[in-house]
$ cat upload-v2.txt   # compact mmCIF, C-alpha atoms
# COMPACT_ATOMS: atom_id res chain seq x y z
CA MET W 1 19.13 13.20 3.21
CA ASP W 2 21.67 15.13 1.14
CA ILE W 3 20.86 18.66 2.13
CA LYS W 4 23.27 20.26 -0.36
CA ALA W 5 21.86 18.28 -3.29
CA TYR W 6 18.35 19.17 -2.18
CA ILE W 7 19.23 22.84 -2.09
CA ALA W 8 21.03 22.61 -5.43
CA SER W 9 17.99 21.02 -7.09
CA GLY W 10 16.34 24.46 -7.35
CA ILE W 11 13.18 23.40 -5.53
CA LEU W 12 13.57 26.14 -2.93
CA GLU W 13 13.51 28.81 -5.65
CA LEU W 14 10.25 27.35 -6.87
CA TYR W 15 8.99 27.26 -3.30
CA VAL W 16 9.49 31.01 -3.01
CA ALA W 17 7.87 31.51 -6.42
CA GLY W 18 4.81 29.80 -4.92
CA LYS W 19 4.39 27.15 -7.55
CA LEU W 20 4.79 23.93 -5.64
CA SER W 21 2.07 21.53 -4.51
CA GLU W 22 0.61 21.77 -1.03
CA LYS W 23 2.40 18.56 -0.12
CA GLU W 24 5.80 19.91 -1.26
CA ASN W 25 5.16 23.14 0.61
CA GLN W 26 4.42 21.19 3.78
CA GLU W 27 7.63 19.11 3.31
CA ILE W 28 9.83 22.15 2.85
CA TYR W 29 8.26 23.81 5.88
CA GLU W 30 9.20 20.79 7.98
CA LEU W 31 12.72 20.62 6.50
CA MET W 32 13.23 24.28 7.34
CA GLN W 33 12.45 23.54 10.99
CA GLU W 34 14.96 20.64 11.02
CA HIS W 35 17.76 22.09 8.85
CA PRO W 36 18.87 25.68 9.44
CA GLU W 37 20.78 25.59 6.12
CA ILE W 38 17.55 25.09 4.24
CA LEU W 39 15.84 27.88 6.15
CA GLN W 40 18.81 30.16 5.50
CA GLU W 41 18.74 29.29 1.81
CA VAL W 42 15.03 30.07 1.58
CA LEU W 43 15.50 33.40 3.39
CA GLU W 44 18.25 34.40 0.97
CA ILE W 45 16.29 33.39 -2.11
CA GLU W 46 13.30 35.30 -0.80
CA ALA W 47 15.38 38.37 0.00
CA ALA W 48 16.86 38.38 -3.50
CA VAL W 49 13.46 37.95 -5.15
CA VAL W 50 11.93 40.67 -2.95
CA LYS W 51 14.66 43.06 -4.09
CA LEU W 52 14.36 42.10 -7.73
CA THR W 53 10.59 42.42 -7.84
CA GLY W 54 10.75 45.65 -5.84
CA ALA W 55 13.10 47.08 -8.46
CA ALA W 56 10.43 46.51 -11.08
CA SER W 57 8.16 49.01 -9.34
CA PRO W 58 8.32 52.38 -11.13
CA HIS W 59 8.09 54.44 -7.95
CA ALA W 60 8.81 54.19 -4.28
CA ILE W 61 5.99 53.03 -2.03
CA ASP W 62 5.53 54.30 1.48
CA PHE W 63 3.03 53.44 4.13
CA GLU W 64 1.70 56.98 4.20
CA SER W 65 -0.15 56.38 0.94
CA PHE W 66 -1.92 53.56 2.71
CA LYS W 67 -2.90 55.45 5.84
CA GLY W 68 -6.58 55.49 6.66
CA LYS W 69 -7.41 52.64 4.32
CA LEU W 70 -6.73 50.00 6.94
CA ASP W 71 -9.44 49.64 9.50
CA THR W 72 -9.48 46.95 12.14
CA THR W 73 -13.02 47.28 13.40
CA GLY W 74 -14.73 48.14 10.15
CA THR W 75 -16.09 51.31 11.68
CA LYS W 76 -14.84 54.84 11.37
CA VAL W 77 -12.95 56.38 14.23
CA ILE W 78 -14.98 59.29 15.49
CA ASP W 79 -13.22 62.47 16.45
CA LEU W 80 -14.22 63.20 20.03
CA LYS W 81 -12.96 66.77 20.10
CA PRO W 82 -15.94 69.07 20.55
CA ARG W 83 -16.49 70.95 17.38
CA LYS W 84 -16.39 74.69 17.48
CA PRO W 85 -19.81 76.11 16.79
CA ASN W 86 -19.89 77.27 13.25
CA TRP W 87 -21.62 80.64 13.51
CA ILE W 88 -21.66 81.26 9.81
CA SER W 89 -23.43 77.96 9.32
CA PHE W 90 -25.87 78.69 12.19
CA THR W 91 -26.64 82.13 10.81
CA GLY W 92 -27.11 80.67 7.38
CA TRP W 93 -29.54 78.04 8.65
CA ALA W 94 -31.43 80.56 10.77
CA ALA W 95 -31.75 82.89 7.80
CA SER W 96 -33.04 80.12 5.59
CA ILE W 97 -35.59 79.03 8.20
CA ILE W 98 -36.85 82.60 8.65
CA LEU W 99 -37.00 83.05 4.91
CA ALA W 100 -38.89 79.77 4.49
CA GLY W 101 -41.30 80.80 7.27
CA GLY W 102 -41.83 84.17 5.64
CA LEU W 103 -42.53 82.57 2.30
CA LEU W 104 -45.07 80.22 3.86
CA TRP W 105 -46.78 83.12 5.64
CA THR W 106 -46.90 85.11 2.42
CA LEU W 107 -48.25 82.15 0.51
CA ASN W 108 -50.91 81.60 3.18
CA ASN W 109 -51.88 85.25 3.07
CA LYS W 110 -52.07 85.18 -0.70
CA THR W 111 -54.44 82.21 -0.54
CA LYS W 112 -56.65 84.02 1.98
CA VAL W 113 -56.76 87.17 -0.10
CA GLU W 114 -57.58 85.13 -3.18
CA GLU W 115 -60.45 83.46 -1.32
CA GLU W 116 -61.77 86.84 -0.18
CA LEU W 117 -61.48 88.16 -3.69
CA GLN W 118 -63.43 85.16 -4.92
CA THR W 119 -66.17 85.80 -2.35
CA VAL W 120 -66.35 89.48 -3.26
CA SER W 121 -66.46 88.56 -6.92
CA THR W 122 -69.35 86.15 -6.30
CA GLU W 123 -71.21 88.79 -4.29
CA LYS W 124 -70.64 91.28 -7.07
CA GLN W 125 -72.08 88.87 -9.63
CA TYR W 126 -75.06 88.23 -7.37
CA LEU W 127 -75.65 91.96 -7.01
CA GLU W 128 -75.36 92.41 -10.76
CA ILE W 129 -78.01 89.74 -11.22
CA GLN W 130 -80.24 91.53 -8.71
CA ILE W 131 -79.75 94.83 -10.47
CA GLU W 132 -80.54 93.16 -13.76
CA GLU W 133 -83.67 91.65 -12.26
CA ALA W 134 -84.66 95.00 -10.79
CA ARG W 135 -84.18 96.65 -14.18
CA ASN W 136 -86.24 93.98 -15.85
CA ASN W 137 -88.89 94.42 -13.18
CA LEU W 138 -88.79 98.14 -13.68
CA THR W 139 -89.17 97.75 -17.42
CA ALA W 140 -92.05 95.32 -16.94
CA THR W 141 -93.69 97.64 -14.43
CA LYS W 142 -93.23 100.62 -16.74
CA SER W 143 -94.81 98.80 -19.67
CA LEU W 144 -97.60 97.67 -17.36
CA LEU W 145 -98.11 101.22 -16.18
CA ASP W 146 -98.06 102.40 -19.79
CA ALA W 147 -100.65 99.76 -20.63
CA ILE W 148 -102.90 100.76 -17.74
CA ARG W 149 -102.55 104.47 -18.49
CA ASP W 150 -103.56 103.94 -22.09
CA LYS W 151 -106.47 106.27 -22.98
CA ASP W 152 -108.51 103.38 -24.35
CA ILE W 153 -108.32 101.40 -21.13
CA ILE W 154 -111.48 100.57 -19.22
CA THR W 155 -111.07 100.19 -15.47
CA VAL W 156 -113.34 97.68 -13.76
CA PRO W 157 -113.13 97.44 -9.96
CA LEU W 158 -114.17 94.00 -8.64
CA GLY W 159 -115.68 94.10 -5.18
CA GLY W 160 -115.70 91.40 -2.55
CA GLN W 161 -118.82 89.24 -2.47
CA GLY W 162 -120.65 87.73 0.47
CA ASP W 163 -118.26 86.10 2.92
CA TYR W 164 -115.32 87.48 0.91
CA ALA W 165 -116.26 91.14 1.22
CA SER W 166 -112.72 92.04 2.29
CA THR W 167 -111.28 90.87 -1.00
CA TYR W 168 -111.08 92.92 -4.15
CA ALA W 169 -109.49 93.01 -7.56
CA LYS W 170 -109.24 95.31 -10.55
CA VAL W 171 -109.47 94.69 -14.27
CA TYR W 172 -107.96 97.06 -16.81
CA TRP W 173 -109.50 96.22 -20.19
CA ASN W 174 -107.94 97.34 -23.39
CA LYS W 175 -110.64 96.72 -25.93
CA ALA W 176 -108.38 97.81 -28.76
CA ASP W 177 -106.08 94.82 -28.38
CA ASN W 178 -108.52 92.49 -26.56
CA THR W 179 -106.42 92.30 -23.45
CA ILE W 180 -107.28 92.58 -19.81
CA TYR W 181 -104.82 93.24 -17.04
CA LEU W 182 -106.06 91.69 -13.84
CA ASP W 183 -104.70 93.15 -10.61
CA GLY W 184 -105.21 90.43 -8.00
CA GLU W 185 -103.45 92.22 -5.17
CA GLY W 186 -106.61 92.09 -3.04
CA LEU W 187 -106.99 88.32 -3.31
CA PRO W 188 -105.47 85.80 -0.90
CA ASN W 189 -103.19 83.03 -2.17
CA ALA W 190 -105.12 80.10 -3.56
CA PRO W 191 -105.12 77.19 -1.09
CA ASP W 192 -103.60 73.81 -2.07
CA GLY W 193 -105.62 72.04 -4.74
CA LYS W 194 -107.49 75.22 -5.63
CA VAL W 195 -106.95 77.80 -8.33
CA TRP W 196 -108.34 81.24 -9.19
CA GLN W 197 -110.49 81.24 -12.31
CA VAL W 198 -111.44 84.42 -14.15
CA TRP W 199 -114.82 84.77 -15.82
CA SER W 200 -116.22 87.13 -18.42
CA LEU W 201 -119.95 87.65 -17.93
CA THR W 202 -122.82 88.93 -20.00
CA LEU W 203 -125.72 90.00 -17.78
CA ASN W 204 -128.89 89.47 -19.85
CA PRO W 205 -129.02 86.57 -19.86
CA LEU W 206 -126.31 85.84 -17.26
CA THR W 207 -123.75 83.87 -19.19
CA PRO W 208 -120.25 83.17 -17.81
CA THR W 209 -117.35 82.57 -20.16
CA SER W 210 -114.09 81.28 -18.68
CA LEU W 211 -111.01 83.43 -19.36
CA GLY W 212 -108.82 80.76 -17.82
CA THR W 213 -107.24 79.93 -14.48
CA ILE W 214 -104.34 81.84 -12.92
CA ASP W 215 -102.02 78.94 -12.17
CA ASP W 216 -99.05 81.08 -11.13
CA PHE W 217 -101.02 83.36 -8.81
CA ASN W 218 -99.24 82.39 -5.62
CA THR W 219 -95.77 82.81 -7.02
CA ASP W 220 -96.34 85.98 -9.00
CA GLU W 221 -94.88 89.01 -7.37
CA ASN W 222 -96.94 91.96 -8.59
CA LYS W 223 -100.13 89.89 -8.92
CA ILE W 224 -100.93 91.54 -12.25
CA PHE W 225 -101.87 89.07 -14.93
CA THR W 226 -102.30 89.70 -18.61
CA ILE W 227 -105.23 87.77 -20.05
CA ALA W 228 -106.64 87.74 -23.58
CA ASN W 229 -110.32 88.62 -23.75
CA THR W 230 -112.23 88.76 -27.05
CA ASN W 231 -115.64 88.71 -25.38
CA GLU W 232 -118.13 91.59 -25.26
CA SER W 233 -117.83 91.40 -21.48
CA GLN W 234 -120.38 93.21 -19.30
CA ALA W 235 -118.86 92.05 -16.03
CA PHE W 236 -115.85 90.13 -14.65
CA GLY W 237 -115.83 87.68 -11.81
CA ILE W 238 -113.25 85.61 -10.00
CA THR W 239 -114.02 82.30 -8.33
CA LEU W 240 -111.94 79.79 -6.44
CA GLU W 241 -112.16 76.50 -8.29
CA PRO W 242 -110.57 73.07 -7.96
CA ALA W 243 -107.19 72.80 -9.68
CA GLY W 244 -107.60 72.64 -13.43
CA GLY W 245 -110.62 74.96 -13.38
CA SER W 246 -114.35 74.35 -13.86
CA GLU W 247 -116.75 74.46 -16.78
CA SER W 248 -118.99 76.93 -14.99
CA PRO W 249 -118.31 79.13 -11.96
CA THR W 250 -119.05 77.79 -8.49
CA MET W 251 -121.16 80.62 -7.21
CA GLU W 252 -120.50 79.82 -3.52
CA GLN W 253 -116.86 80.47 -4.28
CA LEU W 254 -117.39 83.79 -6.10
CA TYR W 255 -114.93 86.12 -4.39
CA THR W 256 -115.08 89.26 -6.43
CA LEU W 257 -117.33 90.64 -9.07
CA GLY W 258 -117.42 93.91 -10.99
CA VAL W 259 -119.62 95.32 -13.73
CA VAL W 260 -118.19 97.14 -16.71
CA ALA W 261 -119.35 100.74 -16.81
CA ALA W 262 -121.49 101.69 -19.75
CA THR W 263 -119.39 102.12 -22.85
CA PRO W 264 -118.47 105.75 -23.23
CA MET T 1 10.68 30.92 15.82
CA THR T 2 12.08 33.52 13.47
CA GLU T 3 11.45 37.22 13.80
CA LEU T 4 9.40 37.10 10.63
CA GLU T 5 7.20 34.32 12.01
CA ILE T 6 6.48 36.38 15.14
CA LEU T 7 5.62 39.34 12.95
CA VAL T 8 3.25 37.26 10.86
CA GLN T 9 1.55 35.92 13.97
CA GLN T 10 1.07 39.44 15.29
CA PHE T 11 -0.28 40.39 11.90
CA GLN T 12 -2.74 37.53 12.11
CA SER T 13 -3.95 38.79 15.48
CA LYS T 14 -4.62 42.18 13.82
CA ASN T 15 -1.60 44.04 15.11
CA GLN T 16 -1.31 47.17 12.98
CA VAL T 17 2.33 47.73 13.86
CA ALA T 18 3.16 44.27 12.54
CA PHE T 19 1.08 45.00 9.46
CA LYS T 20 3.03 48.18 8.85
CA LYS T 21 6.33 46.34 9.11
CA LEU T 22 5.25 43.60 6.72
CA TYR T 23 3.91 46.25 4.39
CA SER T 24 7.20 48.11 4.36
CA MET T 25 9.02 44.83 3.70
CA TYR T 26 6.92 43.63 0.78
CA SER T 27 4.80 46.44 -0.70
CA GLN T 28 7.49 47.57 -3.13
CA SER T 29 7.88 44.04 -4.45
CA ILE T 30 4.17 43.44 -4.71
CA HIS T 31 3.85 46.74 -6.55
CA GLY T 32 6.66 45.71 -8.89
CA VAL T 33 5.01 42.42 -9.76
CA VAL T 34 1.58 44.00 -10.22
CA TYR T 35 3.01 46.84 -12.29
CA ASN T 36 4.83 44.36 -14.50
CA ILE T 37 1.46 42.76 -15.28
CA VAL T 38 -0.82 45.83 -15.64
CA LYS T 39 1.85 48.29 -16.90
CA ASP T 40 0.12 51.23 -15.22
CA ALA T 41 1.51 52.76 -12.04
CA ASP T 42 -1.83 54.11 -10.77
CA ILE T 43 -3.70 50.86 -11.33
CA ALA T 44 -0.78 49.03 -9.75
CA ASP T 45 -1.01 51.33 -6.70
CA GLU T 46 -4.68 50.55 -6.35
CA ILE T 47 -4.32 46.80 -6.76
CA MET T 48 -1.35 46.68 -4.41
CA GLN T 49 -3.30 48.46 -1.67
CA ASP T 50 -6.33 46.28 -2.26
CA VAL T 51 -4.10 43.22 -1.97
CA PHE T 52 -2.80 44.31 1.42
CA ILE T 53 -6.30 45.13 2.66
CA LYS T 54 -7.46 41.71 1.46
CA ALA T 55 -4.49 40.07 3.18
CA TRP T 56 -5.36 41.95 6.37
CA HIS T 57 -8.95 40.78 6.33
CA LYS T 58 -8.19 37.17 5.48
CA ALA T 59 -5.03 36.97 7.56
CA ASP T 60 -6.36 33.98 9.48
CA THR T 61 -6.40 31.87 6.31
CA TYR T 62 -2.61 32.06 6.05
CA SER T 63 -0.52 29.27 7.51
CA SER T 64 3.27 29.15 7.42
CA LYS T 65 2.96 25.44 6.64
CA LYS T 66 1.47 26.32 3.27
CA GLY T 67 4.39 28.52 2.25
CA ARG T 68 6.20 31.78 2.83
CA PHE T 69 4.19 34.83 3.84
CA PHE T 70 5.75 36.76 0.96
CA THR T 71 4.76 33.97 -1.40
CA TRP T 72 1.20 33.99 -0.07
CA ILE T 73 0.74 37.70 -0.62
CA LEU T 74 2.58 37.51 -3.94
CA ASN T 75 0.01 34.95 -5.14
CA ILE T 76 -2.91 37.17 -4.08
CA ALA T 77 -1.32 40.08 -5.92
CA ARG T 78 -0.62 38.20 -9.16
CA ASN T 79 -4.17 36.86 -9.22
CA ALA T 80 -5.63 40.31 -8.59
CA ALA T 81 -3.45 41.85 -11.33
CA ILE T 82 -4.31 39.11 -13.84
CA ASP T 83 -8.02 39.47 -12.98
CA MET T 84 -7.68 43.18 -13.74
CA THR T 85 -6.10 42.58 -17.16
CA ARG T 86 -9.04 40.31 -18.01
CA SER T 87 -11.66 42.93 -17.10
CA LYS T 88 -13.46 44.56 -20.00
CA ALA T 89 -12.65 48.11 -18.91
CA PHE T 90 -8.99 47.31 -18.65
CA LYS T 91 -8.86 45.65 -22.07
CA GLN T 92 -10.50 48.68 -23.65
CA SER T 93 -8.13 51.17 -22.04
CA LYS T 94 -5.01 49.10 -22.69
CA GLN T 95 -5.30 48.02 -26.27
CA ASN T 96 -1.59 48.04 -26.84
CA LEU T 97 0.08 46.70 -23.76
CA ASN T 98 3.80 46.87 -24.28
CA SER T 99 5.45 43.53 -23.87
CA ASP T 100 8.44 44.80 -21.92
CA TYR T 101 9.96 42.35 -19.56
CA PHE T 102 10.69 43.24 -15.96
CA VAL T 103 14.24 43.72 -17.19
CA ASP T 104 13.20 46.69 -19.34
CA THR T 105 11.20 48.16 -16.49
CA ILE T 106 14.18 47.92 -14.18
CA THR T 107 16.60 49.25 -16.78
CA ASN T 108 14.43 52.26 -17.46
CA ASN T 109 13.52 52.81 -13.84
CA ASP T 110 14.87 56.22 -12.88
CA SER T 111 13.38 56.18 -9.41
CA LEU T 112 15.41 53.07 -8.71
CA ASP T 113 18.62 55.08 -8.57
CA GLU T 114 17.61 56.58 -5.26
CA ARG T 115 17.14 53.21 -3.63
CA THR T 116 19.64 50.91 -2.05
CA ASP T 117 20.92 48.02 -4.14
CA ALA T 118 19.99 49.93 -7.26
CA ILE T 119 23.40 49.58 -8.76
CA GLY T 120 23.56 45.85 -8.06
CA ILE T 121 20.11 45.22 -9.48
CA LYS T 122 20.74 47.24 -12.62
CA LYS T 123 24.07 45.55 -13.11
CA PHE T 124 22.39 42.20 -12.61
CA VAL T 125 19.64 42.73 -15.14
CA THR T 126 22.04 44.24 -17.64
CA ASN T 127 24.26 41.22 -17.55
CA LEU T 128 21.46 38.71 -17.28
CA SER T 129 21.27 36.12 -20.01
CA GLN T 130 18.15 35.97 -22.14
CA LYS T 131 17.30 32.55 -20.69
CA CYS T 132 17.46 33.92 -17.14
CA LYS T 133 15.31 36.91 -18.09
CA GLU T 134 12.65 34.60 -19.48
CA VAL T 135 12.65 32.15 -16.62
CA ILE T 136 12.52 34.79 -13.90
CA GLU T 137 9.83 36.69 -15.80
CA LEU T 138 7.62 33.64 -16.02
CA LEU T 139 8.17 32.12 -12.59
CA TYR T 140 8.21 35.23 -10.40
CA PHE T 141 6.39 37.92 -12.31
CA LYS T 142 3.84 35.96 -14.32
CA GLY T 143 3.26 33.14 -11.84
CA PHE T 144 3.82 30.28 -14.27
CA THR T 145 4.30 26.79 -12.87
CA GLN T 146 7.47 24.90 -13.68
CA LYS T 147 5.52 22.87 -16.22
CA GLU T 148 3.89 25.89 -17.85
CA ALA T 149 7.29 27.60 -18.09
CA SER T 150 8.85 24.54 -19.66
CA GLU T 151 6.13 24.51 -22.31
CA GLU T 152 6.37 28.25 -22.89
CA LEU T 153 10.16 28.17 -23.25
CA ASN T 154 10.25 24.78 -24.92
CA MET T 155 12.63 23.50 -22.28
CA PRO T 156 12.65 20.31 -20.14
CA ILE T 157 11.07 20.70 -16.71
CA GLY T 158 14.28 19.81 -14.92
CA THR T 159 16.20 22.41 -16.87
CA ILE T 160 13.77 25.11 -15.78
CA LYS T 161 14.45 24.26 -12.17
CA THR T 162 18.24 24.24 -12.39
CA ARG T 163 18.44 27.22 -14.71
CA ASN T 164 16.26 29.21 -12.38
CA ARG T 165 18.45 28.17 -9.50
CA ASN T 166 21.50 29.51 -11.32
CA CYS T 167 19.80 32.76 -12.26
CA ILE T 168 18.65 33.44 -8.69
CA GLN T 169 22.13 32.56 -7.47
CA GLN T 170 23.57 35.27 -9.72
CA LEU T 171 21.06 37.71 -8.35
CA ARG T 172 21.96 36.81 -4.79
CA ASP T 173 25.60 37.39 -5.56
CA MET T 174 24.81 40.87 -6.83
CA VAL T 175 22.33 42.17 -4.30
CA LEU T 176 22.87 40.34 -1.02
$ encode --input "upload-v2.txt" --output "structure tokens"
Amino acid sequence: MDIKAYIASGILELYVAGKLSEKENQEIYELMQEHPEILQEVLEIEAAVVKLTGAASPHAIDFESFKGKLDTTGTKVIDLKPRKPNWISFTGWAASIILAGGLLWTLNNKTKVEEELQTVSTEKQYLEIQIEEARNNLTATKSLLDAIRDKDIITVPLGGQGDYASTYAKVYWNKADNTIYLDGEGLPNAPDGKVWQVWSLTLNPLTPTSLGTIDDFNTDENKIFTIANTNESQAFGITLEPAGGSESPTMEQLYTLGVVAATP
Amino acid sequence: MTELEILVQQFQSKNQVAFKKLYSMYSQSIHGVVYNIVKDADIADEIMQDVFIKAWHKADTYSSKKGRFFTWILNIARNAAIDMTRSKAFKQSKQNLNSDYFVDTITNNDSLDERTDAIGIKKFVTNLSQKCKEVIELLYFKGFTQKEASEELNMPIGTIKTRNRNCIQQLRDMVL
């Protein structure tokens, strides 16, 4: 092989440029091992090209700019020097934690107070309702009292009869407006399935006329019931009748009876 | 075994000292080639460093039978730089890439004056014939094959080879 002609062909320059086939690269590698002239030629070409290409770089390159970017293990090197405690940082964190705690406490307190306020507010409303009820009651009682005190009123006490001698009732009859006010305070609550029925009676002949049943007797508080009465009553009676009332009074169940005093 | 071959082997077994030596030998050149393609010193810095990191991580794929170590890393660098010029972001930011040859870069390179061989290199490029400028530009900076260069310069393949040989010989006379 003519080494000089081979070198002069310019193939080694292309070899350094990196544009030969894999086969040619392999060949030249082997020739370099056998012929020191070829190796020397390649080294010189490479050195010249390295200088030329390096001159085309606008600024100098040093390894320092590269430092830290190369990493053999792929993990960061950890600084093992114990770090000085950073008191400013600690204080800062402590302050924030205390502040956060304080805020939570305040928030919690606020919620509690709000709940208490809500309770108090509810109680207040409840009391207001009670006062309102009491006022209404008072008004009702006053008008009742006014009604009973009316100069035209006729008072008829109803006494207990027979087995029910301990019971009593009172009728206040306002003839002017055909109204009676029955005070049933002296009567027991009507048992289940039974109801109090009020009767207007004429005595000669004895004729009962129903004034109606008192369906809300048990639940009424003052036990005073306003009942319309257009009859020329001579007496009033109260019997305990089956729920719904009866056509005529059950005399065995006549609790109270009272006769109207002679008309003044 | 040459000193360089030992260095490359150490590099392949992840020896950082060997890496640093190879870096100091070739980084300026790699930067020059990359800069000549992207025409931006900062981008060139970035690519050049990426290229060396890539070389470090795939060091085991290099074999001296396939070519020179410098050539291997030069190829990685040219490919990386060309990839960059094809990226959308790069195209948008570099609408008007100047078409200066490496010769212009070297001629206008002020920082070169502080380096060794600066005078020789500048003298070389100043006196270089237009044909040499073109051939060297294409083969070493642009990574053209002999065939591609012959088509680009409208010159027979054999002429490319011998002309290049002569041009590099001139360079060697000036700088070595």
$ interface_residues --input "upload-v2.txt" --of "chain W" --to "chain T" --cutoff "8 Å" --atoms "only C-alpha atoms" --output "NGL selection string"
:W and (8-11 or 13-20 or 22 or 25-26 or 29-30 or 44-63 or 66 or 69-70 or 72)
$ residues_around --input "upload-v2.txt" --residues "Ile82 (chain T)" --least-positions-apart "4" --cutoff "7 Å" --atoms "only C-alpha atoms" --output "NGL selection string"
:T and (37 or 78 or 86)
$ write_last_selection --input "upload-v2.txt" --atoms "C-alpha atoms" --output "PDB file, keeping the file's coordinate frame"
ATOM      1  CA  ILE T  37       1.460  42.760 -15.280  1.00  0.00           C
ATOM      2  CA  ARG T  78      -0.620  38.200  -9.160  1.00  0.00           C
ATOM      3  CA  ARG T  86      -9.040  40.310 -18.010  1.00  0.00           C
TER       4      ARG T  86
END
$ atom_distance --input "upload-v2.txt" --atom1 "CA of Thr141 (chain W)" --atom2 "CA of Ile227 (chain W)"
16.2 Å
$ axis_aligned_box --input "upload-v2.txt" --around "region 201-214 of chain W" --padding-each-side "6 Å" --output "lines of an AutoDock Vina configuration file"
center_x = -116.7
center_y = 85.0
center_z = -16.5
size_x = 36.7
size_y = 22.1
size_z = 19.2
$ closest_residue --input "upload-v2.txt" --among "T:Leu22, T:Leu128, T:Ile43, T:Met84" --to "Ile6 (chain T)" --atoms "all atoms listed in the file"
T:Leu22
$ atom_distance --input "upload-v2.txt" --atom1 "CA of Leu138 (chain W)" --atom2 "CA of Ile238 (chain W)"
27.7 Å
$ decode --input "upload-v2.txt" --residues "region 22-45 of chain W" --atoms "C-alpha atoms" --output "mmCIF file, in the first residue's frame"
data_model
loop_
_atom_site.group_PDB
_atom_site.id
_atom_site.type_symbol
_atom_site.label_atom_id
_atom_site.label_comp_id
_atom_site.auth_asym_id
_atom_site.auth_seq_id
_atom_site.Cartn_x
_atom_site.Cartn_y
_atom_site.Cartn_z
ATOM 1 C CA GLU W 22 -18.639 3.011 8.823
ATOM 2 C CA LYS W 23 -16.555 0.647 6.730
ATOM 3 C CA GLU W 24 -14.071 3.400 5.755
ATOM 4 C CA ASN W 25 -13.872 4.529 9.366
ATOM 5 C CA GLN W 26 -13.053 0.985 10.450
ATOM 6 C CA GLU W 27 -10.353 0.723 7.717
ATOM 7 C CA ILE W 28 -8.671 3.960 8.699
ATOM 8 C CA TYR W 29 -8.735 2.945 12.359
ATOM 9 C CA GLU W 30 -6.879 -0.238 11.470
ATOM 10 C CA LEU W 31 -4.411 1.608 9.211
ATOM 11 C CA MET W 32 -3.657 4.018 12.037
ATOM 12 C CA GLN W 33 -2.688 1.092 14.266
ATOM 13 C CA GLU W 34 -0.359 -0.298 11.555
ATOM 14 C CA HIS W 35 1.112 2.937 10.143
ATOM 15 C CA PRO W 36 2.279 5.635 12.548
ATOM 16 C CA GLU W 37 2.483 8.109 9.627
ATOM 17 C CA ILE W 38 -1.235 7.807 9.078
ATOM 18 C CA LEU W 39 -1.963 8.237 12.770
ATOM 19 C CA GLN W 40 0.328 11.267 12.879
ATOM 20 C CA GLU W 41 -1.383 12.736 9.832
ATOM 21 C CA VAL W 42 -4.812 12.276 11.402
ATOM 22 C CA LEU W 43 -3.660 13.871 14.673
ATOM 23 C CA GLU W 44 -2.324 16.902 12.808
ATOM 24 C CA ILE W 45 -5.445 17.316 10.701
#
